[in-house]
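Next up, data-v5.cif (mmCIF, N, CA and C atoms):
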```
data_query
loop_
_atom_site.label_atom_id
_atom_site.label_comp_id
_atom_site.auth_asym_id
_atom_site.auth_seq_id
_atom_site.Cartn_x
_atom_site.Cartn_y
_atom_site.Cartn_z
N MET N 1 2.95 12.65 -23.38
CA MET N 1 2.02 11.56 -23.18
C MET N 1 0.72 12.12 -22.62
N ALA N 2 -0.39 11.61 -23.12
CA ALA N 2 -1.70 12.06 -22.66
C ALA N 2 -1.99 11.52 -21.26
N PRO N 3 -2.70 12.30 -20.45
CA PRO N 3 -3.04 11.81 -19.11
C PRO N 3 -3.94 10.58 -19.19
N VAL N 4 -3.81 9.72 -18.21
CA VAL N 4 -4.62 8.51 -18.15
C VAL N 4 -5.97 8.86 -17.52
N SER N 5 -7.04 8.40 -18.14
CA SER N 5 -8.36 8.68 -17.60
C SER N 5 -8.58 7.87 -16.33
N ALA N 6 -9.52 8.33 -15.52
CA ALA N 6 -9.83 7.62 -14.27
C ALA N 6 -10.28 6.21 -14.55
N ALA N 7 -11.08 6.02 -15.60
CA ALA N 7 -11.57 4.69 -15.94
C ALA N 7 -10.42 3.77 -16.35
N ALA N 8 -9.44 4.31 -17.05
CA ALA N 8 -8.30 3.50 -17.48
C ALA N 8 -7.37 3.20 -16.31
N ALA N 9 -7.28 4.11 -15.35
CA ALA N 9 -6.38 3.92 -14.21
C ALA N 9 -6.95 2.94 -13.19
N THR N 10 -8.26 2.81 -13.13
CA THR N 10 -8.91 1.97 -12.12
C THR N 10 -8.41 0.53 -12.11
N PRO N 11 -8.28 -0.16 -13.24
CA PRO N 11 -7.77 -1.54 -13.18
C PRO N 11 -6.37 -1.62 -12.58
N GLN N 12 -5.50 -0.67 -12.88
CA GLN N 12 -4.15 -0.67 -12.31
C GLN N 12 -4.20 -0.45 -10.81
N ILE N 13 -5.01 0.48 -10.37
CA ILE N 13 -5.15 0.76 -8.94
C ILE N 13 -5.68 -0.47 -8.22
N MET N 14 -6.68 -1.12 -8.80
CA MET N 14 -7.24 -2.33 -8.19
C MET N 14 -6.21 -3.45 -8.14
N SER N 15 -5.42 -3.58 -9.18
CA SER N 15 -4.36 -4.58 -9.21
C SER N 15 -3.31 -4.29 -8.15
N ASP N 16 -2.92 -3.04 -8.03
CA ASP N 16 -1.94 -2.64 -7.01
C ASP N 16 -2.48 -2.92 -5.61
N LEU N 17 -3.74 -2.56 -5.37
CA LEU N 17 -4.34 -2.77 -4.07
C LEU N 17 -4.40 -4.25 -3.74
N SER N 18 -4.77 -5.05 -4.70
CA SER N 18 -4.83 -6.50 -4.49
C SER N 18 -3.46 -7.06 -4.13
N TYR N 19 -2.45 -6.59 -4.82
CA TYR N 19 -1.08 -7.04 -4.55
C TYR N 19 -0.64 -6.65 -3.14
N ILE N 20 -0.92 -5.42 -2.74
CA ILE N 20 -0.54 -4.93 -1.41
C ILE N 20 -1.28 -5.74 -0.34
N VAL N 21 -2.57 -5.97 -0.53
CA VAL N 21 -3.35 -6.75 0.44
C VAL N 21 -2.79 -8.16 0.55
N MET N 22 -2.42 -8.77 -0.57
CA MET N 22 -1.83 -10.11 -0.54
C MET N 22 -0.53 -10.11 0.26
N ARG N 23 0.31 -9.12 0.01
CA ARG N 23 1.59 -9.04 0.74
C ARG N 23 1.36 -8.81 2.23
N LEU N 24 0.46 -7.93 2.59
CA LEU N 24 0.16 -7.67 3.99
C LEU N 24 -0.44 -8.90 4.67
N GLY N 25 -1.21 -9.67 3.90
CA GLY N 25 -1.83 -10.88 4.44
C GLY N 25 -0.82 -11.93 4.89
N GLU N 26 0.43 -11.80 4.45
CA GLU N 26 1.48 -12.70 4.91
C GLU N 26 1.85 -12.43 6.36
N TYR N 27 1.51 -11.25 6.86
CA TYR N 27 1.88 -10.83 8.21
C TYR N 27 0.69 -10.58 9.12
N TYR N 28 -0.43 -10.17 8.56
CA TYR N 28 -1.55 -9.69 9.35
C TYR N 28 -2.85 -10.38 8.96
N GLY N 29 -3.83 -10.33 9.89
CA GLY N 29 -5.18 -10.78 9.60
C GLY N 29 -5.95 -9.71 8.83
N HIS N 30 -7.18 -10.04 8.44
CA HIS N 30 -7.98 -9.12 7.61
C HIS N 30 -8.18 -7.76 8.25
N GLU N 31 -8.55 -7.72 9.51
CA GLU N 31 -8.80 -6.44 10.17
C GLU N 31 -7.51 -5.62 10.30
N GLU N 32 -6.40 -6.30 10.58
CA GLU N 32 -5.12 -5.59 10.70
C GLU N 32 -4.66 -5.05 9.35
N VAL N 33 -4.93 -5.78 8.27
CA VAL N 33 -4.60 -5.29 6.93
C VAL N 33 -5.38 -4.01 6.66
N ARG N 34 -6.66 -4.05 6.96
CA ARG N 34 -7.51 -2.87 6.74
C ARG N 34 -6.99 -1.68 7.56
N ALA N 35 -6.68 -1.93 8.83
CA ALA N 35 -6.16 -0.86 9.68
C ALA N 35 -4.84 -0.33 9.14
N TRP N 36 -3.96 -1.21 8.66
CA TRP N 36 -2.67 -0.81 8.12
C TRP N 36 -2.85 0.09 6.91
N LEU N 37 -3.78 -0.26 6.04
CA LEU N 37 -4.02 0.54 4.83
C LEU N 37 -4.55 1.93 5.14
N TYR N 38 -5.36 2.06 6.19
CA TYR N 38 -6.02 3.32 6.49
C TYR N 38 -5.33 4.14 7.57
N ALA N 39 -4.31 3.58 8.20
CA ALA N 39 -3.58 4.31 9.23
C ALA N 39 -2.56 5.25 8.59
N ARG N 40 -2.25 6.31 9.29
CA ARG N 40 -1.18 7.21 8.85
C ARG N 40 0.14 6.59 9.28
N HIS N 41 1.11 6.56 8.36
CA HIS N 41 2.38 5.89 8.61
C HIS N 41 3.53 6.89 8.68
N PRO N 42 4.36 6.80 9.71
CA PRO N 42 5.54 7.66 9.78
C PRO N 42 6.47 7.43 8.60
N GLN N 43 6.55 6.18 8.13
CA GLN N 43 7.44 5.87 7.00
C GLN N 43 6.90 6.43 5.68
N LEU N 44 5.65 6.86 5.69
CA LEU N 44 5.07 7.50 4.51
C LEU N 44 4.82 8.99 4.78
N GLU N 45 5.60 9.53 5.70
CA GLU N 45 5.50 10.94 6.07
C GLU N 45 4.08 11.32 6.50
N GLY N 46 3.45 10.41 7.23
CA GLY N 46 2.11 10.66 7.74
C GLY N 46 0.98 10.37 6.78
N ALA N 47 1.30 9.93 5.58
CA ALA N 47 0.26 9.61 4.61
C ALA N 47 -0.32 8.23 4.89
N ARG N 48 -1.49 7.96 4.32
CA ARG N 48 -2.11 6.65 4.43
C ARG N 48 -1.77 5.85 3.18
N ALA N 49 -1.47 4.57 3.37
CA ALA N 49 -1.11 3.71 2.23
C ALA N 49 -2.22 3.68 1.19
N ILE N 50 -3.47 3.63 1.63
CA ILE N 50 -4.59 3.57 0.69
C ILE N 50 -4.62 4.80 -0.22
N ASP N 51 -4.26 5.96 0.32
CA ASP N 51 -4.24 7.18 -0.49
C ASP N 51 -3.12 7.15 -1.51
N LEU N 52 -1.95 6.65 -1.10
CA LEU N 52 -0.84 6.57 -2.05
C LEU N 52 -1.16 5.60 -3.18
N ILE N 53 -1.78 4.48 -2.85
CA ILE N 53 -2.17 3.53 -3.89
C ILE N 53 -3.14 4.19 -4.85
N HIS N 54 -4.12 4.89 -4.32
CA HIS N 54 -5.10 5.59 -5.16
C HIS N 54 -4.44 6.64 -6.04
N ASP N 55 -3.39 7.28 -5.52
CA ASP N 55 -2.68 8.32 -6.28
C ASP N 55 -1.57 7.75 -7.17
N GLU N 56 -1.59 6.42 -7.35
CA GLU N 56 -0.62 5.72 -8.19
C GLU N 56 0.82 5.92 -7.71
N ARG N 57 0.99 5.89 -6.39
CA ARG N 57 2.31 5.98 -5.76
C ARG N 57 2.58 4.69 -4.97
N THR N 58 2.16 3.59 -5.55
CA THR N 58 2.25 2.28 -4.92
C THR N 58 3.68 1.89 -4.59
N GLU N 59 4.64 2.37 -5.37
CA GLU N 59 6.05 2.00 -5.14
C GLU N 59 6.49 2.36 -3.72
N GLU N 60 5.97 3.46 -3.20
CA GLU N 60 6.34 3.89 -1.85
C GLU N 60 5.81 2.91 -0.80
N VAL N 61 4.64 2.36 -1.03
CA VAL N 61 4.06 1.37 -0.12
C VAL N 61 4.83 0.06 -0.24
N ILE N 62 5.14 -0.33 -1.46
CA ILE N 62 5.89 -1.57 -1.68
C ILE N 62 7.26 -1.50 -1.01
N ALA N 63 7.87 -0.34 -0.99
CA ALA N 63 9.17 -0.19 -0.34
C ALA N 63 9.08 -0.54 1.15
N ILE N 64 7.98 -0.16 1.80
CA ILE N 64 7.79 -0.51 3.21
C ILE N 64 7.63 -2.02 3.35
N LEU N 65 6.86 -2.61 2.46
CA LEU N 65 6.66 -4.06 2.52
C LEU N 65 7.97 -4.81 2.27
N ASP N 66 8.79 -4.28 1.38
CA ASP N 66 10.09 -4.91 1.14
C ASP N 66 10.96 -4.85 2.38
N ARG N 67 10.91 -3.74 3.11
CA ARG N 67 11.65 -3.64 4.38
C ARG N 67 11.08 -4.61 5.40
N LEU N 68 9.77 -4.77 5.42
CA LEU N 68 9.15 -5.72 6.33
C LEU N 68 9.62 -7.14 6.00
N ASP N 69 9.67 -7.47 4.72
CA ASP N 69 10.17 -8.78 4.30
C ASP N 69 11.61 -9.00 4.72
N ALA N 70 12.38 -7.94 4.71
CA ALA N 70 13.81 -8.03 5.06
C ALA N 70 14.04 -7.89 6.56
N ASP N 71 12.97 -7.89 7.33
CA ASP N 71 13.04 -7.72 8.78
C ASP N 71 13.69 -6.40 9.18
N ALA N 72 13.54 -5.40 8.33
CA ALA N 72 14.14 -4.09 8.61
C ALA N 72 13.06 -3.09 8.99
N TYR N 73 11.83 -3.54 9.19
CA TYR N 73 10.73 -2.66 9.55
C TYR N 73 10.90 -2.22 11.00
N LEU N 74 10.89 -0.92 11.21
CA LEU N 74 11.06 -0.37 12.56
C LEU N 74 9.76 0.22 13.05
#
```

I'd like the structure from this file rewritten - as C-alpha cells, please.
Amino acid sequence: MAPVSAAAATPQIMSDLSYIVMRLGEYYGHEEVRAWLYARHPQLEGARAIDLIHDERTEEVIAILDRLDADAYL
C-alpha cells in the first residue's frame, strides 16, 4: 500500500482530534482538555496525547478514554 500523503491524512487527524476533544469534554472544561492533550501521560509512556493523535496512534488515546468511561482511570 502506498503511503498516505500529509494532505490526505489531515482530515483523519482533524476528525480524530475532534472526537477526542468531544470525549474529554464530558469530563473536563476547555482549559483542562487543552492541558490533558498537551501533558505527558504515564499511561502513554510519557508521550503527549496530541502527538499520538498527530502520528495516527489515536487508538492508544481512545483506550485511556475508554478506561475513564469505565471508571478504571488511575

Which centre and which edge lengths, in Å to one decimal, describe the axis-aligned box that holds all listed atoms of stretch 21-36 of chain N after 5 Å is added on each side, as JSON?
```
{"center_x": -3.5, "center_y": -6.3, "center_z": 5.1, "size_x": 20.7, "size_y": 22.8, "size_z": 21.3}
```

- Item | Expansion of the PyMOL selection byres (((chain N and resi 43 and name CA) around 10) and name CA) into residues, as a ChimeraX atom specification | /N:40-42,44-48,60-61,63-64,73-74

Give me a file of those residues, with N, CA and C atoms, as a compact mmCIF listing (two decimals), in the frame of the given file.
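In the end it all went to result_5.txt:
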```txt
# COMPACT_ATOMS: atom_id res chain seq x y z
N ARG N 40 -2.25 6.31 9.29
CA ARG N 40 -1.18 7.21 8.85
C ARG N 40 0.14 6.59 9.28
N HIS N 41 1.11 6.56 8.36
CA HIS N 41 2.38 5.89 8.61
C HIS N 41 3.53 6.89 8.68
N PRO N 42 4.36 6.80 9.71
CA PRO N 42 5.54 7.66 9.78
C PRO N 42 6.47 7.43 8.60
N LEU N 44 5.65 6.86 5.69
CA LEU N 44 5.07 7.50 4.51
C LEU N 44 4.82 8.99 4.78
N GLU N 45 5.60 9.53 5.70
CA GLU N 45 5.50 10.94 6.07
C GLU N 45 4.08 11.32 6.50
N GLY N 46 3.45 10.41 7.23
CA GLY N 46 2.11 10.66 7.74
C GLY N 46 0.98 10.37 6.78
N ALA N 47 1.30 9.93 5.58
CA ALA N 47 0.26 9.61 4.61
C ALA N 47 -0.32 8.23 4.89
N ARG N 48 -1.49 7.96 4.32
CA ARG N 48 -2.11 6.65 4.43
C ARG N 48 -1.77 5.85 3.18
N GLU N 60 5.97 3.46 -3.20
CA GLU N 60 6.34 3.89 -1.85
C GLU N 60 5.81 2.91 -0.80
N VAL N 61 4.64 2.36 -1.03
CA VAL N 61 4.06 1.37 -0.12
C VAL N 61 4.83 0.06 -0.24
N ALA N 63 7.87 -0.34 -0.99
CA ALA N 63 9.17 -0.19 -0.34
C ALA N 63 9.08 -0.54 1.15
N ILE N 64 7.98 -0.16 1.80
CA ILE N 64 7.79 -0.51 3.21
C ILE N 64 7.63 -2.02 3.35
N TYR N 73 11.83 -3.54 9.19
CA TYR N 73 10.73 -2.66 9.55
C TYR N 73 10.90 -2.22 11.00
N LEU N 74 10.89 -0.92 11.21
CA LEU N 74 11.06 -0.37 12.56
C LEU N 74 9.76 0.22 13.05
```

Near N:Ala35, within 12 Å and counting only C-alpha atoms, which residues show up once chain neighbours fewer than 6 positions away are dropped, as an mmCIF file with N, CA and C atoms, keeping the file's coordinate frame?
```
data_model
loop_
_atom_site.group_PDB
_atom_site.id
_atom_site.type_symbol
_atom_site.label_atom_id
_atom_site.label_comp_id
_atom_site.auth_asym_id
_atom_site.auth_seq_id
_atom_site.Cartn_x
_atom_site.Cartn_y
_atom_site.Cartn_z
ATOM 1 N N VAL N 21 -2.570 -5.970 -0.530
ATOM 2 C CA VAL N 21 -3.350 -6.750 0.440
ATOM 3 C C VAL N 21 -2.790 -8.160 0.550
ATOM 4 N N LEU N 24 0.460 -7.930 2.590
ATOM 5 C CA LEU N 24 0.160 -7.670 3.990
ATOM 6 C C LEU N 24 -0.440 -8.900 4.670
ATOM 7 N N TYR N 28 -0.430 -10.170 8.560
ATOM 8 C CA TYR N 28 -1.550 -9.690 9.350
ATOM 9 C C TYR N 28 -2.850 -10.380 8.960
ATOM 10 N N GLY N 29 -3.830 -10.330 9.890
ATOM 11 C CA GLY N 29 -5.180 -10.780 9.600
ATOM 12 C C GLY N 29 -5.950 -9.710 8.830
ATOM 13 N N HIS N 41 1.110 6.560 8.360
ATOM 14 C CA HIS N 41 2.380 5.890 8.610
ATOM 15 C C HIS N 41 3.530 6.890 8.680
ATOM 16 N N ARG N 48 -1.490 7.960 4.320
ATOM 17 C CA ARG N 48 -2.110 6.650 4.430
ATOM 18 C C ARG N 48 -1.770 5.850 3.180
ATOM 19 N N ALA N 49 -1.470 4.570 3.370
ATOM 20 C CA ALA N 49 -1.110 3.710 2.230
ATOM 21 C C ALA N 49 -2.220 3.680 1.190
ATOM 22 N N ILE N 50 -3.470 3.630 1.630
ATOM 23 C CA ILE N 50 -4.590 3.570 0.690
ATOM 24 C C ILE N 50 -4.620 4.800 -0.220
#
```

- What gap, in Å, lies between atom N of N:Tyr19 and atom CA of N:Asp71? 20.6 Å

- Any idea what the distance is between atom CA of N:Leu17 and atom CA of N:Ala39?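 Pair atom CA of N:Leu17 / atom CA of N:Ala39 returns 15.1 Å.
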
- Rounded to one decimal place, report the atom C of N:Arg23-atom CA of N:Leu65 distance in Å. 7.1 Å

Complete the atoms of stretch 49-63 of chain N to N, CA, C and O atoms and put them out as a tab-separated table (two decimals), in the frame of the given file.
```
chain	number	residue	atom	x	y	z
N	49	ALA	N	-1.47	4.57	3.37
N	49	ALA	CA	-1.11	3.71	2.23
N	49	ALA	C	-2.22	3.68	1.19
N	49	ALA	O	-1.95	3.74	-0.02
N	50	ILE	N	-3.47	3.63	1.63
N	50	ILE	CA	-4.59	3.57	0.69
N	50	ILE	C	-4.62	4.80	-0.22
N	50	ILE	O	-4.93	4.70	-1.40
N	51	ASP	N	-4.26	5.96	0.32
N	51	ASP	CA	-4.24	7.18	-0.49
N	51	ASP	C	-3.12	7.15	-1.51
N	51	ASP	O	-3.30	7.59	-2.66
N	52	LEU	N	-1.95	6.65	-1.10
N	52	LEU	CA	-0.84	6.57	-2.05
N	52	LEU	C	-1.16	5.60	-3.18
N	52	LEU	O	-0.82	5.87	-4.34
N	53	ILE	N	-1.78	4.48	-2.85
N	53	ILE	CA	-2.17	3.53	-3.89
N	53	ILE	C	-3.14	4.19	-4.85
N	53	ILE	O	-2.99	4.09	-6.07
N	54	HIS	N	-4.12	4.89	-4.32
N	54	HIS	CA	-5.10	5.59	-5.16
N	54	HIS	C	-4.44	6.64	-6.04
N	54	HIS	O	-4.85	6.86	-7.18
N	55	ASP	N	-3.39	7.28	-5.52
N	55	ASP	CA	-2.68	8.32	-6.28
N	55	ASP	C	-1.57	7.75	-7.17
N	55	ASP	O	-0.72	8.50	-7.66
N	56	GLU	N	-1.59	6.42	-7.35
N	56	GLU	CA	-0.62	5.72	-8.19
N	56	GLU	C	0.82	5.92	-7.71
N	56	GLU	O	1.75	6.06	-8.51
N	57	ARG	N	0.99	5.89	-6.39
N	57	ARG	CA	2.31	5.98	-5.76
N	57	ARG	C	2.58	4.69	-4.97
N	57	ARG	O	3.16	4.69	-3.91
N	58	THR	N	2.16	3.59	-5.55
N	58	THR	CA	2.25	2.28	-4.92
N	58	THR	C	3.68	1.89	-4.59
N	58	THR	O	3.93	1.18	-3.61
N	59	GLU	N	4.64	2.37	-5.37
N	59	GLU	CA	6.05	2.00	-5.14
N	59	GLU	C	6.49	2.36	-3.72
N	59	GLU	O	7.29	1.65	-3.12
N	60	GLU	N	5.97	3.46	-3.20
N	60	GLU	CA	6.34	3.89	-1.85
N	60	GLU	C	5.81	2.91	-0.80
N	60	GLU	O	6.48	2.64	0.20
N	61	VAL	N	4.64	2.36	-1.03
N	61	VAL	CA	4.06	1.37	-0.12
N	61	VAL	C	4.83	0.06	-0.24
N	61	VAL	O	5.15	-0.58	0.77
N	62	ILE	N	5.14	-0.33	-1.46
N	62	ILE	CA	5.89	-1.57	-1.68
N	62	ILE	C	7.26	-1.50	-1.01
N	62	ILE	O	7.74	-2.50	-0.47
N	63	ALA	N	7.87	-0.34	-0.99
N	63	ALA	CA	9.17	-0.19	-0.34
N	63	ALA	C	9.08	-0.54	1.15
N	63	ALA	O	9.98	-1.17	1.70
```
